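File shown: my_file09.cif (mmCIF, C-alpha atoms).
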data_work
#
loop_
_atom_site.label_atom_id
_atom_site.label_comp_id
_atom_site.auth_asym_id
_atom_site.auth_seq_id
_atom_site.Cartn_x
_atom_site.Cartn_y
_atom_site.Cartn_z
CA MET A 1 -9.39 -39.79 -9.17
CA ASP A 2 -7.80 -43.23 -9.70
CA ALA A 3 -4.83 -41.69 -11.51
CA ILE A 4 -3.72 -39.81 -8.42
CA ALA A 5 -4.83 -42.29 -5.72
CA ASP A 6 -1.63 -44.33 -5.28
CA GLY A 7 1.13 -44.62 -2.67
CA PRO A 8 0.86 -43.86 1.07
CA GLN A 9 -2.39 -42.16 2.02
CA VAL A 10 -3.34 -39.54 4.60
CA GLN A 11 -6.82 -38.53 5.67
CA VAL A 12 -7.56 -34.92 4.70
CA LYS A 13 -10.59 -32.80 5.48
CA PHE A 14 -10.80 -29.93 2.98
CA VAL A 15 -12.52 -26.74 4.18
CA THR A 16 -13.05 -23.30 2.66
CA GLN A 17 -14.83 -20.07 3.43
CA GLN A 18 -15.33 -19.36 -0.26
CA ARG A 19 -18.83 -20.75 -0.55
CA GLN A 20 -18.81 -21.06 -4.33
CA PHE A 21 -15.98 -23.63 -4.03
CA ALA A 22 -17.23 -25.56 -0.96
CA ILE A 23 -17.19 -29.37 -0.94
CA PRO A 24 -18.45 -31.76 1.78
CA GLU A 25 -16.23 -31.50 4.84
CA THR A 26 -15.61 -35.21 5.20
CA ALA A 27 -12.18 -36.82 5.45
CA ILE A 28 -10.80 -38.01 2.09
CA GLN A 29 -8.03 -40.57 1.69
CA THR A 30 -5.40 -38.52 -0.14
CA PRO A 31 -2.00 -39.60 -1.56
CA ALA A 32 0.72 -38.18 0.72
CA ARG A 33 2.93 -37.45 -2.29
CA LEU A 34 0.58 -34.75 -3.60
CA ARG A 35 1.51 -31.10 -3.74
CA ARG A 36 -0.58 -28.06 -4.55
CA TYR A 37 -1.32 -29.07 -8.16
CA GLY A 38 -2.51 -32.56 -7.22
CA LEU A 39 -4.64 -31.23 -4.38
CA SER A 40 -6.20 -28.72 -6.80
CA GLN A 41 -7.08 -31.63 -9.06
CA ILE A 42 -8.97 -33.29 -6.21
CA ILE A 43 -10.99 -30.14 -5.45
CA ASN A 44 -11.84 -29.65 -9.13
CA LEU A 45 -12.86 -33.29 -9.49
CA VAL A 46 -15.22 -33.08 -6.52
CA LEU A 47 -16.62 -29.79 -7.85
CA GLN A 48 -16.94 -31.41 -11.29
CA ASN A 49 -14.95 -28.59 -12.84
CA GLU A 50 -13.68 -29.61 -16.26
CA GLY A 51 -11.71 -27.89 -18.98
CA GLU A 52 -11.78 -24.10 -18.70
CA LYS A 53 -13.86 -24.32 -15.52
CA GLN A 54 -10.94 -25.78 -13.58
CA ARG A 55 -9.50 -23.40 -10.96
CA PRO A 56 -6.06 -23.38 -9.32
CA PHE A 57 -6.15 -23.38 -5.52
CA ASP A 58 -3.75 -22.66 -2.69
CA PHE A 59 -3.79 -24.73 0.49
CA LEU A 60 -3.20 -23.68 4.10
CA ILE A 61 -2.50 -25.79 7.16
CA ASP A 62 -2.68 -23.94 10.48
CA GLY A 63 -2.70 -20.62 8.66
CA GLU A 64 0.41 -21.21 6.52
CA PHE A 65 0.60 -22.05 2.83
CA LEU A 66 1.56 -25.59 1.90
CA ARG A 67 4.63 -25.37 -0.37
CA THR A 68 5.75 -29.01 -0.13
CA SER A 69 4.12 -32.40 -0.53
CA LEU A 70 1.86 -33.67 2.26
CA ALA A 71 4.48 -36.29 3.10
CA GLU A 72 7.23 -33.67 3.46
CA TYR A 73 4.95 -31.53 5.61
CA LEU A 74 4.15 -34.46 7.92
CA GLU A 75 7.85 -35.29 8.23
CA GLU A 76 8.77 -31.67 9.00
CA LYS A 77 6.10 -31.50 11.71
CA ASN A 78 6.93 -34.97 13.11
CA MET A 79 3.44 -36.21 12.29
CA SER A 80 2.34 -39.59 10.94
CA THR A 81 -0.06 -40.49 8.16
CA GLU A 82 -2.48 -41.58 10.89
CA ASN A 83 -3.23 -37.91 11.60
CA VAL A 84 -6.27 -36.30 10.02
CA LEU A 85 -5.18 -33.07 8.36
CA THR A 86 -7.61 -30.16 8.11
CA ILE A 87 -6.57 -28.17 5.04
CA GLU A 88 -8.13 -24.85 4.06
CA TYR A 89 -8.17 -24.00 0.37
CA VAL A 90 -8.55 -20.66 -1.41
CA GLU A 91 -8.59 -19.74 -5.06
CA SER A 92 -5.08 -18.87 -6.26
CA MET A 93 -4.24 -15.33 -7.23
CA LEU A 94 -3.42 -14.98 -10.92
CA PRO A 95 -0.16 -13.23 -11.85
CA PRO A 96 -0.43 -9.43 -12.24
CA THR A 97 -0.21 -8.30 -15.86
CA PRO A 98 1.49 -5.10 -17.11
CA LEU A 99 -0.86 -2.66 -18.83
CA SER A 100 0.96 0.55 -19.72
CA SER A 101 3.70 3.05 -18.87
CA TYR A 102 3.39 6.81 -18.36
CA GLU A 103 6.48 8.83 -19.28
CA HIS A 104 7.63 11.80 -17.13
CA ASP A 105 10.47 14.31 -17.43
CA ASP A 106 12.11 13.28 -14.15
CA TRP A 107 11.86 10.77 -11.30
CA VAL A 108 8.31 9.80 -10.29
CA SER A 109 8.27 10.11 -6.50
CA ALA A 110 4.53 9.82 -5.72
CA VAL A 111 1.61 7.94 -7.30
CA GLN A 112 -2.04 7.53 -6.38
CA ALA A 113 -4.95 5.91 -8.17
CA HIS A 114 -8.54 7.10 -7.96
CA HIS A 115 -11.75 5.09 -8.15
CA PRO A 116 -13.33 6.92 -11.15
CA GLY A 117 -10.32 5.91 -13.24
CA GLY A 118 -7.76 8.70 -13.05
CA PHE A 119 -4.21 8.65 -11.77
CA LEU A 120 -2.17 11.24 -9.93
CA THR A 121 1.62 11.58 -9.93
CA GLY A 122 4.24 13.81 -8.36
CA SER A 123 7.69 14.20 -9.86
CA TYR A 124 11.16 15.57 -9.23
CA ASP A 125 10.52 18.07 -12.05
CA ASN A 126 8.33 19.93 -9.46
CA HIS A 127 5.09 19.13 -11.31
CA VAL A 128 1.89 17.29 -10.44
CA ARG A 129 0.22 15.40 -13.28
CA LEU A 130 -3.26 13.99 -13.81
CA TRP A 131 -3.64 11.03 -16.17
CA ASN A 132 -6.49 9.03 -17.66
CA LYS A 133 -6.55 5.30 -18.36
CA GLN A 134 -5.57 5.90 -21.98
CA ALA A 135 -2.09 7.01 -20.76
CA GLU A 136 -2.92 10.62 -21.65
CA CYS A 137 -1.74 13.42 -19.38
CA THR A 138 -4.86 15.54 -18.89
CA GLN A 139 -3.39 18.24 -16.62
CA ILE A 140 0.07 19.44 -15.55
CA LEU A 141 -0.10 21.43 -12.31
CA THR A 142 2.75 23.90 -11.88
CA GLY A 143 3.26 25.73 -8.60
CA HIS A 144 5.94 24.05 -6.49
CA ASN A 145 9.58 25.11 -6.32
CA GLY A 146 10.86 21.68 -5.32
CA ALA A 147 10.40 17.98 -6.01
CA VAL A 148 6.84 16.77 -5.31
CA LYS A 149 7.09 13.96 -2.73
CA ALA A 150 3.40 13.40 -1.87
CA VAL A 151 0.04 13.55 -3.65
CA GLN A 152 -3.46 13.00 -2.26
CA TRP A 153 -6.88 13.05 -3.92
CA LEU A 154 -9.54 15.01 -2.02
CA THR A 155 -12.71 15.06 -4.12
CA SER A 156 -13.76 14.11 -7.63
CA ASP A 157 -17.08 14.71 -9.36
CA GLY A 158 -16.94 13.88 -13.04
CA ASP A 159 -14.71 16.45 -14.72
CA ASN A 160 -14.09 18.43 -11.53
CA GLY A 161 -12.02 17.66 -8.48
CA THR A 162 -9.62 18.77 -5.79
CA LEU A 163 -6.30 17.35 -4.61
CA LEU A 164 -3.23 18.02 -2.47
CA SER A 165 0.48 17.95 -3.22
CA GLY A 166 3.46 18.27 -0.87
CA ALA A 167 6.99 19.10 -1.90
CA LEU A 168 10.56 19.69 -0.82
CA ASP A 169 9.83 23.45 -0.98
CA ARG A 170 8.14 22.93 2.44
CA SER A 171 4.67 23.69 1.13
CA ILE A 172 1.42 21.82 0.58
CA LEU A 173 -0.76 23.09 -2.24
CA ALA A 174 -4.49 22.45 -2.55
CA TRP A 175 -5.62 22.37 -6.19
CA GLU A 176 -8.91 22.57 -8.05
CA TYR A 177 -9.11 21.22 -11.59
CA ASN A 178 -11.70 21.04 -14.37
CA HIS A 179 -11.15 18.65 -17.27
CA ALA A 180 -14.01 20.14 -19.30
CA ASP A 181 -12.15 23.37 -19.96
CA ASN A 182 -8.65 22.08 -19.14
CA SER A 183 -8.26 24.53 -16.25
CA HIS A 184 -6.75 24.33 -12.79
CA SER A 185 -5.95 26.70 -9.96
CA ILE A 186 -4.39 26.76 -6.51
CA LEU A 187 -7.08 27.00 -3.83
CA TYR A 188 -4.64 27.66 -0.98
CA GLU A 189 -1.14 26.97 0.28
CA CYS A 190 -0.54 25.20 3.60
CA ARG A 191 2.36 26.81 5.42
CA GLY A 192 3.97 25.73 8.66
CA HIS A 193 6.66 23.16 7.95
CA THR A 194 10.32 24.17 8.08
CA GLY A 195 11.50 21.13 6.12
CA GLY A 196 10.42 19.29 3.01
CA VAL A 197 7.00 17.61 3.03
CA GLU A 198 7.47 13.84 2.71
CA SER A 199 3.97 12.40 3.15
CA ILE A 200 0.28 13.39 3.18
CA SER A 201 -2.74 11.38 4.34
CA LEU A 202 -6.47 12.16 4.35
CA ASN A 203 -8.57 10.90 7.26
CA ALA A 204 -11.56 8.56 6.91
CA THR A 205 -14.18 11.32 7.04
CA GLY A 206 -12.30 13.57 4.63
CA ASP A 207 -12.40 16.65 6.86
CA LYS A 208 -8.74 16.62 7.99
CA PHE A 209 -5.38 15.65 6.59
CA ALA A 210 -1.94 15.14 8.05
CA SER A 211 1.51 15.89 6.70
CA GLY A 212 4.88 14.47 7.71
CA SER A 213 8.04 16.48 7.17
CA ALA A 214 11.82 16.43 7.32
CA ASP A 215 11.47 19.00 10.13
CA ALA A 216 10.50 16.08 12.47
CA THR A 217 6.92 17.31 12.91
CA ILE A 218 3.48 16.22 11.82
CA LYS A 219 0.96 18.94 11.03
CA ILE A 220 -2.82 18.50 11.11
CA TRP A 221 -4.95 20.60 8.75
CA THR A 222 -8.64 21.04 8.06
CA ASN A 223 -10.08 20.51 4.62
CA ILE A 224 -12.02 23.79 4.74
CA ILE A 225 -11.23 26.14 1.86
CA PRO A 226 -10.32 29.52 3.39
CA THR A 227 -11.39 32.83 1.88
CA VAL A 228 -8.62 34.89 3.54
CA SER A 229 -5.11 34.01 4.65
CA ASP A 230 -4.37 32.83 8.16
CA HIS A 231 -1.65 34.57 10.14
CA ILE A 232 1.57 32.66 9.46
CA GLU A 233 4.63 33.07 11.64
CA ASP A 234 7.34 32.50 9.06
CA VAL A 235 10.35 33.21 11.25
CA THR A 236 12.50 30.48 9.73
CA GLU A 237 12.35 31.74 6.17
CA THR A 238 15.16 33.88 4.81
CA ARG A 239 14.39 37.24 3.21
CA LYS A 240 15.38 35.88 -0.20
CA LYS A 241 13.06 32.90 0.28
CA ARG A 242 10.16 35.14 1.32
CA LYS A 243 10.46 37.11 -1.92
CA THR A 244 9.71 33.96 -3.93
CA VAL A 245 6.36 33.44 -2.21
CA LYS A 246 3.37 34.05 -4.45
CA GLU A 247 1.61 37.01 -2.86
CA ASP A 248 -1.77 36.15 -4.38
CA ARG A 249 -2.01 32.74 -2.69
CA ILE A 250 -4.31 32.26 0.26
CA LEU A 251 -2.24 30.83 3.10
CA LYS A 252 -3.50 28.26 5.58
CA ALA A 253 -2.02 27.44 9.00
CA PRO A 254 -2.20 24.00 10.67
CA ILE A 255 -4.68 23.43 13.48
CA SER A 256 -2.14 21.43 15.47
CA SER A 257 1.41 20.11 15.44
CA LEU A 258 2.46 16.67 16.70
CA ASN A 259 5.99 16.83 18.07
CA ALA A 260 7.45 13.56 19.31
CA HIS A 261 9.67 12.25 16.50
CA THR A 262 13.35 13.12 16.89
CA GLY A 263 14.14 12.95 13.17
CA PRO A 264 12.45 13.42 9.79
CA VAL A 265 8.92 12.01 9.51
CA SER A 266 8.88 10.03 6.28
CA ALA A 267 5.41 8.46 6.42
CA VAL A 268 1.96 9.25 7.79
CA THR A 269 -1.21 7.26 7.24
CA PHE A 270 -4.64 7.53 8.84
CA SER A 271 -6.63 4.60 10.13
CA SER A 272 -9.42 3.86 7.68
CA THR A 273 -11.72 2.95 10.57
CA SER A 274 -11.05 5.87 12.95
CA ALA A 275 -10.88 9.46 11.69
CA ASP A 276 -8.80 10.60 14.68
CA THR A 277 -6.20 7.79 14.66
CA LEU A 278 -2.99 8.50 12.79
CA TYR A 279 0.13 6.38 12.32
CA SER A 280 3.58 7.79 11.57
CA GLY A 281 7.08 6.51 10.90
CA GLY A 282 10.41 8.27 10.80
CA TRP A 283 14.16 8.36 10.81
CA ASP A 284 14.21 7.94 14.59
CA HIS A 285 13.41 4.23 14.00
CA SER A 286 9.92 4.56 15.48
CA VAL A 287 6.36 3.81 14.44
CA ARG A 288 3.93 5.97 16.41
CA VAL A 289 0.18 5.89 17.01
CA TRP A 290 -1.56 9.25 17.54
CA ASP A 291 -4.89 10.54 18.79
CA ILE A 292 -5.07 13.72 16.73
CA GLU A 293 -8.16 15.03 18.51
CA ASN A 294 -6.13 15.38 21.71
CA SER A 295 -2.67 15.62 20.07
CA VAL A 296 -1.48 12.62 22.07
CA ASN A 297 1.17 10.06 21.09
CA ILE A 298 -0.66 6.94 22.33
CA THR A 299 1.89 4.26 21.49
CA THR A 300 5.47 4.17 20.21
CA LYS A 301 6.91 1.05 18.59
CA ASN A 302 10.66 0.95 18.15
CA CYS A 303 12.73 -0.93 15.60
CA GLU A 304 16.33 -0.99 14.50
CA LYS A 305 16.00 0.79 11.14
CA VAL A 306 14.75 4.05 9.63
CA VAL A 307 11.07 3.86 8.63
CA HIS A 308 10.44 4.86 5.00
CA ALA A 309 6.83 3.74 4.41
CA LEU A 310 3.63 2.85 6.23
CA ASP A 311 0.20 1.56 5.28
CA TYR A 312 -2.79 0.46 7.38
CA SER A 313 -5.13 -2.41 6.48
CA GLN A 314 -8.78 -1.84 7.30
CA HIS A 315 -9.39 -5.59 6.97
CA SER A 316 -6.71 -6.99 9.28
CA GLY A 317 -6.05 -3.91 11.42
CA LEU A 318 -2.31 -4.36 10.81
CA LEU A 319 0.34 -1.80 9.88
CA ALA A 320 2.94 -2.63 7.24
CA SER A 321 6.22 -0.72 7.30
CA GLY A 322 9.13 -0.41 4.86
CA HIS A 323 12.61 0.44 6.13
CA ALA A 324 16.23 1.20 5.32
CA ASP A 325 16.79 -2.54 4.93
CA PRO A 326 15.19 -5.26 2.76
CA VAL A 327 12.68 -6.37 5.42
CA ILE A 328 8.96 -5.50 5.61
CA ARG A 329 7.61 -5.46 9.15
CA LEU A 330 3.99 -6.03 10.19
CA TRP A 331 2.74 -4.47 13.42
CA ASP A 332 -0.44 -4.76 15.43
CA PRO A 333 -1.07 -1.17 16.57
CA ARG A 334 -3.46 -2.44 19.25
CA SER A 335 -0.61 -4.23 21.02
CA GLU A 336 0.92 -2.38 23.95
CA ASP A 337 4.33 -4.02 23.50
CA SER A 338 6.61 -1.34 22.07
CA SER A 339 9.16 -3.54 20.31
CA VAL A 340 7.46 -6.79 19.21
CA VAL A 341 7.02 -7.10 15.45
CA LYS A 342 4.09 -9.38 14.61
CA GLN A 343 5.67 -10.68 11.41
CA THR A 344 8.46 -9.97 8.92
CA LEU A 345 8.54 -10.48 5.14
CA SER A 346 11.91 -10.96 3.46
CA GLY A 347 12.71 -11.07 -0.24
CA HIS A 348 13.84 -7.64 -1.41
CA GLN A 349 17.54 -6.94 -1.96
CA ASN A 350 17.52 -3.26 -1.00
CA TRP A 351 15.59 -0.68 1.04
CA VAL A 352 11.79 -0.96 0.99
CA THR A 353 10.44 2.48 0.07
CA SER A 354 6.71 1.90 -0.32
CA VAL A 355 4.03 -0.53 0.90
CA SER A 356 0.35 -0.79 -0.02
CA TRP A 357 -2.30 -3.22 1.27
CA SER A 358 -4.88 -4.72 -1.03
CA PRO A 359 -8.14 -2.76 -0.67
CA SER A 360 -10.15 -5.99 -0.51
CA SER A 361 -8.05 -8.58 1.34
CA SER A 362 -6.71 -9.04 4.86
CA TYR A 363 -3.68 -10.89 3.58
CA MET A 364 -2.53 -9.31 0.32
CA LEU A 365 0.22 -6.66 0.35
CA ALA A 366 2.43 -5.02 -2.27
CA SER A 367 5.87 -3.48 -1.76
CA GLY A 368 8.32 -1.42 -3.80
CA SER A 369 12.07 -1.22 -3.27
CA TYR A 370 15.31 0.39 -4.31
CA ASP A 371 16.13 -3.01 -5.89
CA GLY A 372 13.82 -1.97 -8.75
CA LEU A 373 11.24 -4.64 -7.96
CA ILE A 374 7.62 -4.74 -6.84
CA LYS A 375 6.57 -7.75 -4.81
CA VAL A 376 3.05 -9.02 -4.15
CA TRP A 377 2.69 -10.93 -0.89
CA ASP A 378 0.14 -13.10 0.83
CA ILE A 379 1.30 -12.68 4.42
CA ARG A 380 0.39 -16.31 5.14
CA ALA A 381 3.18 -17.44 2.79
CA LYS A 382 6.89 -17.42 3.63
CA GLY A 383 7.89 -15.69 0.38
CA ALA A 384 6.40 -13.31 -2.17
CA LEU A 385 3.70 -14.70 -4.47
CA TYR A 386 4.90 -12.63 -7.43
CA THR A 387 7.85 -10.40 -8.26
CA LEU A 388 7.31 -7.68 -10.85
CA SER A 389 9.90 -5.54 -12.59
CA HIS A 390 9.08 -1.84 -12.46
CA GLY A 391 11.37 -0.97 -15.34
CA LYS A 392 15.05 -0.91 -16.20
CA ALA A 393 17.39 -2.98 -14.06
CA SER A 394 18.60 -1.33 -10.84
CA LYS A 395 16.23 1.65 -11.23
CA LYS A 396 14.74 2.41 -7.84
CA VAL A 397 11.01 2.23 -7.05
CA PHE A 398 9.89 5.23 -4.99
CA SER A 399 6.12 4.84 -4.68
CA ILE A 400 3.36 2.25 -5.20
CA ASP A 401 -0.43 2.29 -4.75
CA TRP A 402 -2.88 -0.63 -4.88
CA SER A 403 -6.41 0.48 -5.75
CA ASN A 404 -9.12 -2.02 -6.73
CA ASP A 405 -7.59 -4.10 -9.54
CA ILE A 406 -4.83 -1.60 -10.37
CA LEU A 407 -1.29 -1.53 -8.97
CA LEU A 408 0.64 1.67 -9.71
CA SER A 409 4.38 2.23 -9.32
CA GLY A 410 6.66 5.20 -9.88
CA GLY A 411 10.42 5.38 -9.83
CA GLU A 412 13.86 6.48 -10.90
CA ASP A 413 13.27 5.55 -14.55
CA ASN A 414 10.87 8.53 -14.97
CA GLN A 415 7.96 6.14 -15.45
CA MET A 416 4.65 5.39 -13.79
CA LYS A 417 3.80 1.76 -14.49
CA ILE A 418 0.37 0.11 -14.24
CA HIS A 419 -0.21 -3.56 -13.50
CA LYS A 420 -3.63 -5.19 -13.50
CA VAL A 421 -4.18 -7.27 -10.37
CA GLN A 422 -6.87 -9.86 -9.76
CA ASP A 423 -9.75 -8.61 -7.61
CA MET A 424 -9.18 -10.31 -4.27
CA THR A 425 -12.63 -9.77 -2.74
CA ASP A 426 -13.56 -13.46 -2.76
CA ARG A 427 -10.13 -14.60 -1.62
CA ALA A 428 -10.30 -12.06 1.23
CA GLU A 429 -13.13 -14.09 2.76
CA ALA A 430 -10.84 -17.09 3.12
#

Before we go any further, please render this structure as structure tokens.
Amino acid sequence: MDAIADGPQVQVKFVTQQRQFAIPETAIQTPARLRRYGLSQIINLVLQNEGEKQRPFDFLIDGEFLRTSLAEYLEEKNMSTENVLTIEYVESMLPPTPLSSYEHDDWVSAVQAHHPGGFLTGSYDNHVRLWNKQAECTQILTGHNGAVKAVQWLTSDGDNGTLLSGALDRSILAWEYNHADNSHSILYECRGHTGGVESISLNATGDKFASGSADATIKIWTNIIPTVSDHIEDVTETRKKRKTVKEDRILKAPISSLNAHTGPVSAVTFSSTSADTLYSGGWDHSVRVWDIENSVNITTKNCEKVVHALDYSQHSGLLASGHADPVIRLWDPRSEDSSVVKQTLSGHQNWVTSVSWSPSSSYMLASGSYDGLIKVWDIRAKGALYTLSHGKASKKVFSIDWSNDILLSGGEDNQMKIHKVQDMTDRAEA
């Protein structure tokens, strides 16, 4: 401690909600010249962590990360060294590490991870692919006549499972697969959109899903597997188009249509805490909150740019949105103010096309952009914690998904990339 205890001092009370790293909450005379590394040394000394047991920590004052020395912080805030600073500390997040790449025949426009260890991708070659962790493609699902823009797991039980895919051919296909005998089949086709399907989301109870489309509508569907086709009014299809329809497919109609957007709906995502609450974003520069049980647009939040991506955090209750600019916006959907953004995150150099919250933290968020980069954020910091390259320079990122300790990305370089991310469960308690 003597080696770092020189120069002007300030009284600091260190606090944490991570119990395994707690120290007595008494004020400590601390050199004002210290930055994050020196403050980490103090915590490790008090904890008697030596050698490999030493941990790096981040430090927050009034909810914001300290990125300067204590002296510089005090000067910026017009405070003196006579003040007692209460500083919260959390274990630092380690840098994500690249694991592997999965080659496709065309752009990878949709990715989704799954808890048992499989991955799901949709591509501009019109195919859906299932992958295992050994980078082996276990199934190629062929049935769409257009680029696959959305994929969604439904169920998985060992070698068997079901999933959804949505494409620019205006259809949503429900699939059943079996890895044991390498088989798959189309359970039914969802028909009702008159434009390409851009996004699909499953609700918290798994009995309904929503789809957003370039036709400016959102359709709500049940997850019940039909035995006969519903009556479909297909008045917008041309005769030539109708001839391409597979006659042996069972067709399903939506149970409702949500019609408030005035342009393409590019993103839909359900609340993970309410099965009937849906969020949507579109080209009309709006983020909307829906009660799907009553088909009511509860709240509309307006911004100045097209909305490309949305994700809801079950931990913070916040919505993150990506737009046709480099800025990520955070919204509180519970707020009644229609135009106030809670927070913005800047750092990308091009449009933000995908956002994904950490499944275990209130603060951690990932984003993908047309600048070819993936950024990992702690929303308490002013800048990104880490910037990851998806692939070749200037190749756009179209889709990302953060699931447990895996961060997936897909893009213009025909690759799905996997990064391993530190489990943030303990840090989420901070």

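Within the 6 Å cut-off around stretch 159-163 of chain A, using all atoms listed in the file and omitting residues fewer than 6 positions from it on the same chain, the listed residues are Gln152, Trp153, Ala174, Trp175, Glu176, Tyr177, Asn178, His179 and Ala180 of chain A.
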
Q: List, as a PyMOL selection string, every residue that the PyMOL selection byres ((chain A and resi 110) around 10) selects in the file provided.
A: chain A and resi 107-109+111-112+120-124+128+148-152+165-166+198-199+354+398-401+408-411+416

Serialized selection, C-alpha atoms, as a short mmCIF file (atom, residue, chain, number, x, y, z; two decimals), in the frame of the given file:
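Output (selection_25.cif):
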data_model
loop_
_atom_site.label_atom_id
_atom_site.label_comp_id
_atom_site.auth_asym_id
_atom_site.auth_seq_id
_atom_site.Cartn_x
_atom_site.Cartn_y
_atom_site.Cartn_z
CA TRP A 107 11.86 10.77 -11.30
CA VAL A 108 8.31 9.80 -10.29
CA SER A 109 8.27 10.11 -6.50
CA VAL A 111 1.61 7.94 -7.30
CA GLN A 112 -2.04 7.53 -6.38
CA LEU A 120 -2.17 11.24 -9.93
CA THR A 121 1.62 11.58 -9.93
CA GLY A 122 4.24 13.81 -8.36
CA SER A 123 7.69 14.20 -9.86
CA TYR A 124 11.16 15.57 -9.23
CA VAL A 128 1.89 17.29 -10.44
CA VAL A 148 6.84 16.77 -5.31
CA LYS A 149 7.09 13.96 -2.73
CA ALA A 150 3.40 13.40 -1.87
CA VAL A 151 0.04 13.55 -3.65
CA GLN A 152 -3.46 13.00 -2.26
CA SER A 165 0.48 17.95 -3.22
CA GLY A 166 3.46 18.27 -0.87
CA GLU A 198 7.47 13.84 2.71
CA SER A 199 3.97 12.40 3.15
CA SER A 354 6.71 1.90 -0.32
CA PHE A 398 9.89 5.23 -4.99
CA SER A 399 6.12 4.84 -4.68
CA ILE A 400 3.36 2.25 -5.20
CA ASP A 401 -0.43 2.29 -4.75
CA LEU A 408 0.64 1.67 -9.71
CA SER A 409 4.38 2.23 -9.32
CA GLY A 410 6.66 5.20 -9.88
CA GLY A 411 10.42 5.38 -9.83
CA MET A 416 4.65 5.39 -13.79
#

Q.
Please determine, counting all atoms listed in the file, which residue among A:Leu85, A:Ile255, A:Ile250, A:Leu319 has the shortest atom-to-atom distance to A:Glu189.
A. A:Ile250

Q: Could you give me, as a PyMOL selection string, the residues within 12 Å of A:Gln48, counting all atoms listed in the file and dropping anything in the same chain fewer than 5 positions from it?
A: chain A and resi 1+21-23+40-43+53-55

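For the pair atom CA of A:Phe57 and atom CA of A:Ile406, the interatomic distance is 22.4 Å.
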
Q.
So that I can see what lies close to A:Gly212, please list as a ChimeraX atom specification the residues with an atom at most 10 Å from it, counting all atoms listed in the file and leaving out residues fewer than 4 positions away in the same chain.
A. /A:150,166,193,195-201,216-220,258,264-269,280-282

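The two atoms in question, atom CA of A:Thr155 and atom CA of A:Asp413, are spaced 29.6 Å apart.
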
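Taking all atoms listed in the file into account, those protein, DNA and RNA residues with any atom at most 8 Å away from (11.5, 0.8, -4.1) amount to Asn350, Trp351, Val352, Thr353, Ser354, Ser367, Gly368, Ser369, Tyr370, Asp371, Gly372, Leu373, Ile374, Lys396, Val397, Phe398, Ser399 and Gly411 of chain A.
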
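Here atom CA of A:Lys252 is placed at a distance of 19.1 Å from atom CA of A:His184.
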
Q) In terms of the shortest atom-to-atom distance over only C-alpha atoms, which of A:Glu82, A:Glu76, A:Asp378, A:Glu91 is closest to A:Thr16? A) A:Glu91

Q: To verify the selection step, state as number ranges by chain which residues the PyMOL selection byres ((chain A and resi 404) around 12) yields on this input.
A: A: 112-117, 356-361, 401-403, 405-408, 419-425

Export C-alpha atoms of the chosen residues as a PDB file, in the coordinates of the input?
ATOM      1  CA  GLN A 112      -2.040   7.530  -6.380  1.00  0.00           C
ATOM      2  CA  ALA A 113      -4.950   5.910  -8.170  1.00  0.00           C
ATOM      3  CA  HIS A 114      -8.540   7.100  -7.960  1.00  0.00           C
ATOM      4  CA  HIS A 115     -11.750   5.090  -8.150  1.00  0.00           C
ATOM      5  CA  PRO A 116     -13.330   6.920 -11.150  1.00  0.00           C
ATOM      6  CA  GLY A 117     -10.320   5.910 -13.240  1.00  0.00           C
ATOM      7  CA  SER A 356       0.350  -0.790  -0.020  1.00  0.00           C
ATOM      8  CA  TRP A 357      -2.300  -3.220   1.270  1.00  0.00           C
ATOM      9  CA  SER A 358      -4.880  -4.720  -1.030  1.00  0.00           C
ATOM     10  CA  PRO A 359      -8.140  -2.760  -0.670  1.00  0.00           C
ATOM     11  CA  SER A 360     -10.150  -5.990  -0.510  1.00  0.00           C
ATOM     12  CA  SER A 361      -8.050  -8.580   1.340  1.00  0.00           C
ATOM     13  CA  ASP A 401      -0.430   2.290  -4.750  1.00  0.00           C
ATOM     14  CA  TRP A 402      -2.880  -0.630  -4.880  1.00  0.00           C
ATOM     15  CA  SER A 403      -6.410   0.480  -5.750  1.00  0.00           C
ATOM     16  CA  ASP A 405      -7.590  -4.100  -9.540  1.00  0.00           C
ATOM     17  CA  ILE A 406      -4.830  -1.600 -10.370  1.00  0.00           C
ATOM     18  CA  LEU A 407      -1.290  -1.530  -8.970  1.00  0.00           C
ATOM     19  CA  LEU A 408       0.640   1.670  -9.710  1.00  0.00           C
ATOM     20  CA  HIS A 419      -0.210  -3.560 -13.500  1.00  0.00           C
ATOM     21  CA  LYS A 420      -3.630  -5.190 -13.500  1.00  0.00           C
ATOM     22  CA  VAL A 421      -4.180  -7.270 -10.370  1.00  0.00           C
ATOM     23  CA  GLN A 422      -6.870  -9.860  -9.760  1.00  0.00           C
ATOM     24  CA  ASP A 423      -9.750  -8.610  -7.610  1.00  0.00           C
ATOM     25  CA  MET A 424      -9.180 -10.310  -4.270  1.00  0.00           C
ATOM     26  CA  THR A 425     -12.630  -9.770  -2.740  1.00  0.00           C
TER      27      THR A 425
END

Q: Starting from the shown file, work through the PyMOL selection byres ((chain A and resi 134) around 10) and note down what comes out as JSON, numbers by chain.
A: {"A": [100, 102, 117, 118, 131, 132, 133, 135, 136, 137]}

Restrict the selected residues to C-alpha atoms and save them as an mmCIF file, in the coordinates of the input.
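This went into out01.cif:
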data_model
loop_
_atom_site.group_PDB
_atom_site.id
_atom_site.type_symbol
_atom_site.label_atom_id
_atom_site.label_comp_id
_atom_site.auth_asym_id
_atom_site.auth_seq_id
_atom_site.Cartn_x
_atom_site.Cartn_y
_atom_site.Cartn_z
ATOM 1 C CA SER A 100 0.960 0.550 -19.720
ATOM 2 C CA TYR A 102 3.390 6.810 -18.360
ATOM 3 C CA GLY A 117 -10.320 5.910 -13.240
ATOM 4 C CA GLY A 118 -7.760 8.700 -13.050
ATOM 5 C CA TRP A 131 -3.640 11.030 -16.170
ATOM 6 C CA ASN A 132 -6.490 9.030 -17.660
ATOM 7 C CA LYS A 133 -6.550 5.300 -18.360
ATOM 8 C CA ALA A 135 -2.090 7.010 -20.760
ATOM 9 C CA GLU A 136 -2.920 10.620 -21.650
ATOM 10 C CA CYS A 137 -1.740 13.420 -19.380
#
